$ cat input.txt   # compact mmCIF, C-alpha atoms
# COMPACT_ATOMS: atom_id res chain seq x y z
CA MET S 1444 126.37 223.03 227.24
CA ALA S 1445 129.30 224.58 225.44
CA ILE S 1446 129.08 228.27 224.83
CA LEU S 1447 132.41 229.23 223.26
CA TRP S 1448 134.86 227.50 221.01
CA ILE S 1449 138.38 228.65 220.25
CA GLU S 1450 138.29 227.98 216.56
CA SER S 1451 141.94 228.57 215.77
CA VAL S 1452 145.15 230.26 216.83
CA LEU S 1453 146.94 231.57 213.78
CA GLY S 1454 150.26 233.26 213.22
CA LEU S 1455 151.95 232.20 216.41
CA PRO S 1456 155.29 230.65 215.54
CA SER S 1457 156.31 227.40 217.17
CA SER S 1458 159.61 229.02 218.05
CA ALA S 1459 161.06 232.51 218.14
CA LYS S 1460 164.27 234.22 219.03
CA ALA S 1461 164.57 235.72 222.47
CA GLY S 1462 163.94 239.44 222.43
CA THR S 1463 161.69 239.41 219.38
CA THR S 1464 157.99 240.26 219.49
CA VAL S 1465 155.66 237.40 218.76
CA THR S 1466 152.24 238.08 217.27
CA GLY S 1467 149.21 235.97 216.44
CA SER S 1468 145.44 235.89 216.23
CA VAL S 1469 142.89 233.95 218.22
CA PHE S 1470 139.49 233.26 216.68
CA VAL S 1471 136.62 232.54 219.07
CA MET S 1472 133.18 231.38 217.96
CA ASN S 1473 130.01 231.76 219.91
CA ILE S 1474 128.40 228.33 219.75
CA ASP S 1475 125.62 229.26 222.10
CA SER S 1476 122.10 229.99 220.93
CA PHE S 1477 122.19 233.43 222.55
CA SER S 1478 124.32 236.47 221.95
CA ARG S 1479 127.27 236.66 224.31
CA TRP S 1480 129.81 239.20 225.43
CA VAL S 1481 133.16 237.56 224.81
CA ALA S 1482 136.61 238.31 226.18
CA LEU S 1483 140.01 236.73 225.89
CA ASN S 1484 142.30 236.06 228.81
CA ILE S 1485 145.77 234.61 228.57
CA ILE S 1486 147.61 233.18 231.50
CA THR S 1487 151.35 233.17 230.96
CA GLU S 1488 154.54 234.61 232.32
CA ALA S 1489 154.78 236.86 229.30
CA ASN S 1490 153.30 240.32 229.23
CA VAL S 1491 150.70 239.62 226.56
CA SER S 1492 148.90 242.40 224.80
CA ILE S 1493 145.35 241.48 223.66
CA ASP S 1494 143.45 243.66 221.21
CA PRO S 1495 140.63 243.86 222.01
CA SER S 1496 140.53 242.21 225.38
CA VAL S 1497 136.73 242.34 225.23
CA PHE S 1498 135.04 242.06 221.86
CA PRO S 1499 133.28 245.42 221.31
CA SER S 1500 129.82 243.98 220.74
CA PRO S 1501 127.93 240.90 221.86
CA LEU S 1502 128.79 237.95 219.68
CA LEU S 1503 125.81 236.59 217.79
CA PRO S 1504 125.27 232.81 217.70
CA GLY S 1505 127.74 231.37 215.21
CA GLN S 1506 129.69 234.61 214.93
CA VAL S 1507 133.48 234.58 215.18
CA ALA S 1508 135.55 237.18 217.03
CA MET S 1509 139.19 237.83 216.31
CA PHE S 1510 141.64 238.85 219.02
CA LYS S 1511 145.15 239.97 218.17
CA ILE S 1512 147.79 239.01 220.66
CA SER S 1513 151.45 239.92 220.93
CA PHE S 1514 154.16 239.50 223.51
CA PRO S 1515 157.93 239.85 223.80
CA MET S 1516 159.72 236.55 223.60
CA SER S 1517 161.62 235.74 226.71
CA VAL S 1518 164.88 233.89 226.99
CA GLN S 1519 162.79 230.91 228.04
CA SER S 1520 160.14 229.03 226.12
CA MET S 1521 156.63 230.43 226.68
CA HIS S 1522 153.55 228.48 227.58
CA LEU S 1523 150.27 230.28 226.92
CA SER S 1524 147.02 229.18 228.41
CA ILE S 1525 144.43 230.98 226.24
CA ALA S 1526 140.99 231.26 227.73
CA ALA S 1527 137.90 232.42 225.84
CA GLN S 1528 135.43 233.82 228.34
CA TYR S 1529 131.84 234.87 228.19
CA LEU S 1530 129.91 237.18 230.44
CA GLU S 1531 127.39 235.47 232.67
CA GLY S 1532 124.75 237.64 234.30
CA ASP S 1533 125.34 241.22 235.23
CA PRO S 1534 128.71 242.07 236.81
CA MET S 1535 126.88 244.65 238.91
CA TYR S 1536 124.98 241.84 240.61
CA GLY S 1537 127.52 239.11 241.06
CA GLY S 1538 127.89 237.98 237.49
CA GLY S 1539 131.27 237.72 235.82
CA TRP S 1540 133.51 236.28 233.18
CA ILE S 1541 133.35 232.52 232.88
CA THR S 1542 135.82 230.50 230.88
CA GLY S 1543 134.11 228.71 228.02
CA ASP S 1544 137.06 227.19 226.21
CA THR S 1545 140.82 227.02 226.60
CA ARG S 1546 143.73 226.33 224.35
CA GLU S 1547 147.31 225.56 225.39
CA VAL S 1548 150.07 226.88 223.12
CA ASP S 1549 153.84 226.68 223.45
CA VAL S 1550 156.31 228.97 221.77
CA LEU S 1551 159.83 227.65 222.10
CA VAL S 1552 162.76 229.96 222.37
CA GLU S 1553 165.18 229.47 219.52
CA GLU S 1554 168.59 228.38 220.60
CA VAL S 1555 170.99 231.24 220.35
CA VAL S 1556 174.30 229.95 219.09
CA ILE S 1557 177.07 232.17 220.29
CA PRO S 1558 180.32 231.39 218.53
CA PRO S 1559 183.02 230.56 221.02
CA PRO S 1560 185.47 233.38 221.38
CA PRO S 1561 188.88 232.66 219.94
CA PRO S 1562 191.68 232.07 222.40
CA GLY S 1563 192.38 235.52 223.67
CA GLU S 1564 190.86 238.09 221.37
CA GLY S 1565 191.37 239.39 217.89
CA LYS S 1566 193.70 238.00 215.28
CA ILE S 1567 195.97 235.14 216.33
CA GLY S 1568 199.22 234.54 214.46
CA PHE S 1569 202.84 233.83 215.15
CA GLY S 1570 205.95 233.79 213.03
CA PHE S 1571 208.85 231.43 213.57
CA GLU S 1572 212.37 232.45 212.81
CA GLN S 1573 215.19 230.07 212.06
CA PRO S 1574 216.63 228.59 215.26
CA VAL S 1575 220.03 229.77 216.34
CA ILE S 1576 222.23 226.89 217.43
CA ALA S 1577 225.64 227.40 218.92
CA ALA S 1578 228.10 225.08 220.61
CA MET I 339 207.10 204.34 222.22
CA GLU I 340 203.65 205.94 222.53
CA ARG I 341 201.34 206.01 219.55
CA PRO I 342 201.82 209.35 217.74
CA THR I 343 198.91 211.76 217.54
CA VAL I 344 197.28 212.72 214.25
CA ARG I 345 198.83 216.13 214.54
CA ALA I 346 202.25 214.62 215.01
CA VAL I 347 201.76 212.46 211.92
CA LYS I 348 200.65 215.47 209.88
CA GLN I 349 203.66 217.43 211.01
CA ALA I 350 205.91 214.52 210.21
CA LEU I 351 204.49 214.33 206.70
CA ALA I 352 204.52 218.08 206.17
CA ARG I 353 207.59 219.54 204.63
CA GLY I 354 209.32 221.83 207.05
CA THR I 355 211.71 224.66 206.47
CA ALA I 356 215.20 223.46 205.70
CA ILE I 357 217.98 225.35 207.43
CA ALA I 358 220.74 226.42 205.12
CA GLY I 359 224.23 225.66 206.31
CA ALA I 360 223.11 223.51 209.22
CA GLN I 361 225.98 222.70 211.51
CA ARG I 362 227.26 219.31 212.51
CA PHE I 363 228.18 218.64 216.13
CA ALA I 364 230.00 215.79 217.76
CA PRO I 365 227.98 213.69 220.17
CA GLY I 366 228.18 215.09 223.65
CA THR I 367 228.56 218.69 222.53
CA ALA I 368 226.68 221.13 224.76
CA LEU I 369 224.54 223.37 222.60
CA SER I 370 222.61 226.54 223.15
CA ILE I 371 219.46 226.67 221.05
CA THR I 372 217.20 229.67 220.52
CA CYS I 373 213.93 229.48 218.60
CA PRO I 374 212.58 233.02 218.10
CA VAL I 375 208.82 233.44 217.97
CA VAL I 376 207.31 236.70 216.74
CA SER I 377 203.74 237.68 217.57
CA GLN I 378 201.53 238.66 214.65
CA CYS I 379 198.52 238.93 216.96
CA SER I 380 196.39 242.02 217.17
CA MET I 381 196.37 241.95 220.95
CA ALA I 382 198.71 240.96 223.75
CA GLN I 383 198.68 237.25 224.49
CA VAL I 384 199.98 234.89 227.10
CA ILE I 385 201.39 231.86 225.34
CA ASP I 386 203.18 228.63 226.05
CA VAL I 387 206.01 227.75 223.72
CA ARG I 388 206.99 224.13 223.25
CA VAL I 389 210.16 223.15 221.45
CA LYS I 390 210.70 219.57 220.39
CA ILE I 391 213.89 218.17 218.98
CA HIS I 392 213.50 214.90 217.20
CA ASN I 393 215.44 212.70 214.87
CA ALA I 394 214.78 213.71 211.28
CA SER I 395 214.58 210.07 210.24
CA SER I 396 212.19 209.15 213.03
CA PRO I 397 209.84 212.06 213.71
CA PHE I 398 208.21 210.39 216.68
CA GLN I 399 211.50 209.76 218.43
CA ILE I 400 211.63 212.87 220.58
CA VAL I 401 215.16 213.62 221.67
CA GLU I 402 214.22 216.52 223.92
CA GLU I 403 211.13 218.56 224.73
CA LYS I 404 211.38 222.01 226.27
CA TRP I 405 208.52 224.17 227.55
CA PHE I 406 208.31 227.89 228.18
CA HIS I 407 205.13 228.63 230.08
CA GLY I 408 203.23 231.88 230.58
CA VAL I 409 205.10 234.00 228.07
CA ALA I 410 203.47 237.43 227.80
CA ILE I 411 203.94 238.78 224.32
CA ASN I 412 202.68 242.02 222.79
CA PRO I 413 201.67 242.52 219.17
CA GLY I 414 204.89 242.49 217.16
CA GLY I 415 206.76 241.31 220.22
CA ARG I 416 209.49 238.72 220.10
CA PHE I 417 210.23 235.76 222.32
CA GLU I 418 213.68 234.25 222.17
CA GLN I 419 214.74 232.30 225.20
CA SER I 420 217.70 230.00 224.69
CA PHE I 421 217.95 226.61 226.29
CA ASN I 422 220.70 224.04 226.66
CA HIS I 423 220.78 220.79 224.79
CA VAL I 424 223.41 218.10 224.58
CA ALA I 425 223.89 216.57 221.16
CA VAL I 426 223.16 212.88 221.41
CA ALA I 427 223.91 210.34 218.74
CA ASP I 428 221.44 207.59 218.00
CA SER I 429 221.00 204.83 215.52
CA TYR I 430 218.18 206.50 213.60
CA GLY I 431 220.32 209.06 211.84
CA GLU I 432 222.26 212.25 212.23
CA GLY I 433 219.72 214.91 211.27
CA ARG I 434 217.73 216.67 213.95
CA ASN I 435 214.48 218.51 213.32
CA ILE I 436 213.22 221.26 215.59
CA LEU I 437 209.48 221.66 216.04
CA VAL I 438 208.19 224.86 217.67
CA ASP I 439 204.57 225.05 218.85
CA VAL I 440 202.64 227.95 220.31
CA LEU I 441 199.78 227.17 222.67
CA ILE I 442 197.16 229.49 224.10
CA ALA I 443 195.08 228.31 227.03
CA GLY I 444 196.45 224.82 226.54
CA LYS I 445 195.47 224.59 222.89
CA GLU I 446 197.94 224.44 220.03
CA VAL I 447 197.33 227.38 217.75
CA VAL I 448 200.26 227.22 215.37
CA GLY I 449 203.54 225.41 214.95
CA HIS I 450 206.50 225.17 212.63
CA VAL I 451 209.06 222.51 211.76
CA PHE I 452 212.66 223.22 210.88
CA ASP I 453 214.05 220.20 209.05
CA ASP I 454 217.64 219.12 209.66
CA ALA I 455 218.26 222.09 211.90
CA PHE I 456 221.53 220.48 212.90
CA PHE I 457 223.35 217.19 212.67
CA VAL I 458 224.91 215.01 215.31
CA GLY I 459 227.77 212.71 214.41
CA GLY I 460 231.20 212.66 212.92
CA GLY I 461 229.93 212.36 209.44
CA ALA I 462 232.56 209.69 208.81
CA VAL I 463 230.27 207.79 206.48
CA SER I 464 229.21 210.45 204.07
CA PHE I 465 229.34 210.70 200.34
CA ALA I 466 228.58 213.43 197.86
CA PHE I 467 227.37 212.78 194.33
CA GLU I 468 228.38 215.03 191.48
CA GLN I 469 226.71 215.28 188.12
CA PRO I 470 227.75 212.43 185.81
CA THR I 471 230.04 213.31 182.91
CA ILE I 472 229.19 211.65 179.66
CA THR I 473 231.52 211.83 176.68
CA VAL I 474 231.63 210.08 173.34
CA LYS I 475 234.37 207.52 173.16
CA GLN I 476 236.65 208.05 170.15
$ encode --input "input.txt" --output "structure tokens"
Amino acid sequence: MAILWIESVLGLPSSAKAGTTVTGSVFVMNIDSFSRWVALNIITEANVSIDPSVFPSPLLPGQVAMFKISFPMSVQSMHLSIAAQYLEGDPMYGGGWITGDTREVDVLVEEVVIPPPPPGEGKIGFGFEQPVIAA
Amino acid sequence: MERPTVRAVKQALARGTAIAGAQRFAPGTALSITCPVVSQCSMAQVIDVRVKIHNASSPFQIVEEKWFHGVAINPGGRFEQSFNHVAVADSYGEGRNILVDVLIAGKEVVGHVFDDAFFVGGGAVSFAFEQPTITVKQ
């Protein structure tokens, strides 16, 4: 039986320039009939900040939690595996976070077009004086 | 003859700089030709200079091509290396154009054409036309 549902991921661009900070929101609904502690976990190469990482109160049945995420865009495209997790049992006695739903998201790095440097550097120009021809 | 490049066609169609008082030389005359190039660049450059002499009536008929490779030139600097050329008559005409190109890293960056820079031939068949005189007949 499903317990969590990632309702939507909003605000994440499909592409971003390298070096910029990407932000978005993940909405997770508790579709269980019981209240659940809910957390978000993101597996990616990026250093993702999640606020909050654990929703501050148990999610009531049908209630939606919002998690804000942000990460610096790398020079490579980013693949995010977003996992909504719920707490099963008591962590003190062997319980733990169990993934209830996942969502895969890609953020492509925008191609950085670097204009080719001119031959040499700076201004290029030459003047031509009248040829001198002598027998 | 090889098919001319688009650039060569453009240069042939473009009006070059006419040289005032261009000299006429007999076929076989050994000439010394200098084509000064002045740098207007903001930084020092290493350039190749290519000088082409072609018949003014047949721009794609190259009479001689001379290269000067790896010329280091400072901003405001001047390159003027003379080279030898023997005046050769041909059936296309007497005028000779001089085309000077500057290349950087193998790419042409700028060039200039001097039309009728000199003439080759005796000039035996040559006529001048003066302004007509028109008077009223009495």
$ interface_residues --input "input.txt" --of "chain S" --to "chain I" --cutoff "7 Å" --atoms "all atoms listed in the file" --output "ChimeraX atom specification"
/S:1562-1578
$ atom_distance --input "input.txt" --atom1 "CA of Ser1517 (chain S)" --atom2 "CA of Ser1458 (chain S)"
11.1 Å
$ closest_residue --input "input.txt" --among "S:Asp1544, S:Gln1519, S:Gly1538, S:Ser1492" --to "Lys1460 (chain S)" --atoms "all atoms listed in the file"
S:Gln1519
$ closest_residue --input "input.txt" --among "I:Pro365, I:Gly431, I:Gly408, I:Gln419" --to "Ser396 (chain I)" --atoms "only C-alpha atoms"
I:Gly431
$ residues_around --input "input.txt" --residues "Lys1511 (chain S)" --least-positions-apart "3" --cutoff "9 Å" --atoms "all atoms listed in the file" --output "list in words"
Thr1466, Gly1467, Ser1468, Val1469, Phe1470, Ser1492, Ile1493, Asp1494, Pro1495 and Ser1496 of chain S
$ atom_distance --input "input.txt" --atom1 "CA of Ala394 (chain I)" --atom2 "CA of Val409 (chain I)"
28.1 Å
$ residues_around --input "input.txt" --residues "Glu402 (chain I)" --least-positions-apart "6" --cutoff "8 Å" --atoms "all atoms listed in the file" --output "VMD selection string"
chain I and resid 390 to 392 423
$ atom_distance --input "input.txt" --atom1 "CA of Val426 (chain I)" --atom2 "CA of Arg388 (chain I)"
19.8 Å
$ residues_near_point --input "input.txt" --point "(152.7, 236.4, 229.8)" --cutoff "12 Å" --atoms "all atoms listed in the file" --output "list of chain:residue names"
S:Val1465, S:Asn1484, S:Ile1485, S:Ile1486, S:Thr1487, S:Glu1488, S:Ala1489, S:Asn1490, S:Val1491, S:Ser1492, S:Ile1493, S:Ile1512, S:Ser1513, S:Phe1514, S:Pro1515, S:Met1516, S:Ser1517, S:Gln1519, S:Ser1520, S:Met1521, S:His1522, S:Leu1523, S:Ser1524, S:Ile1525, S:Val1548, S:Asp1549, S:Val1550
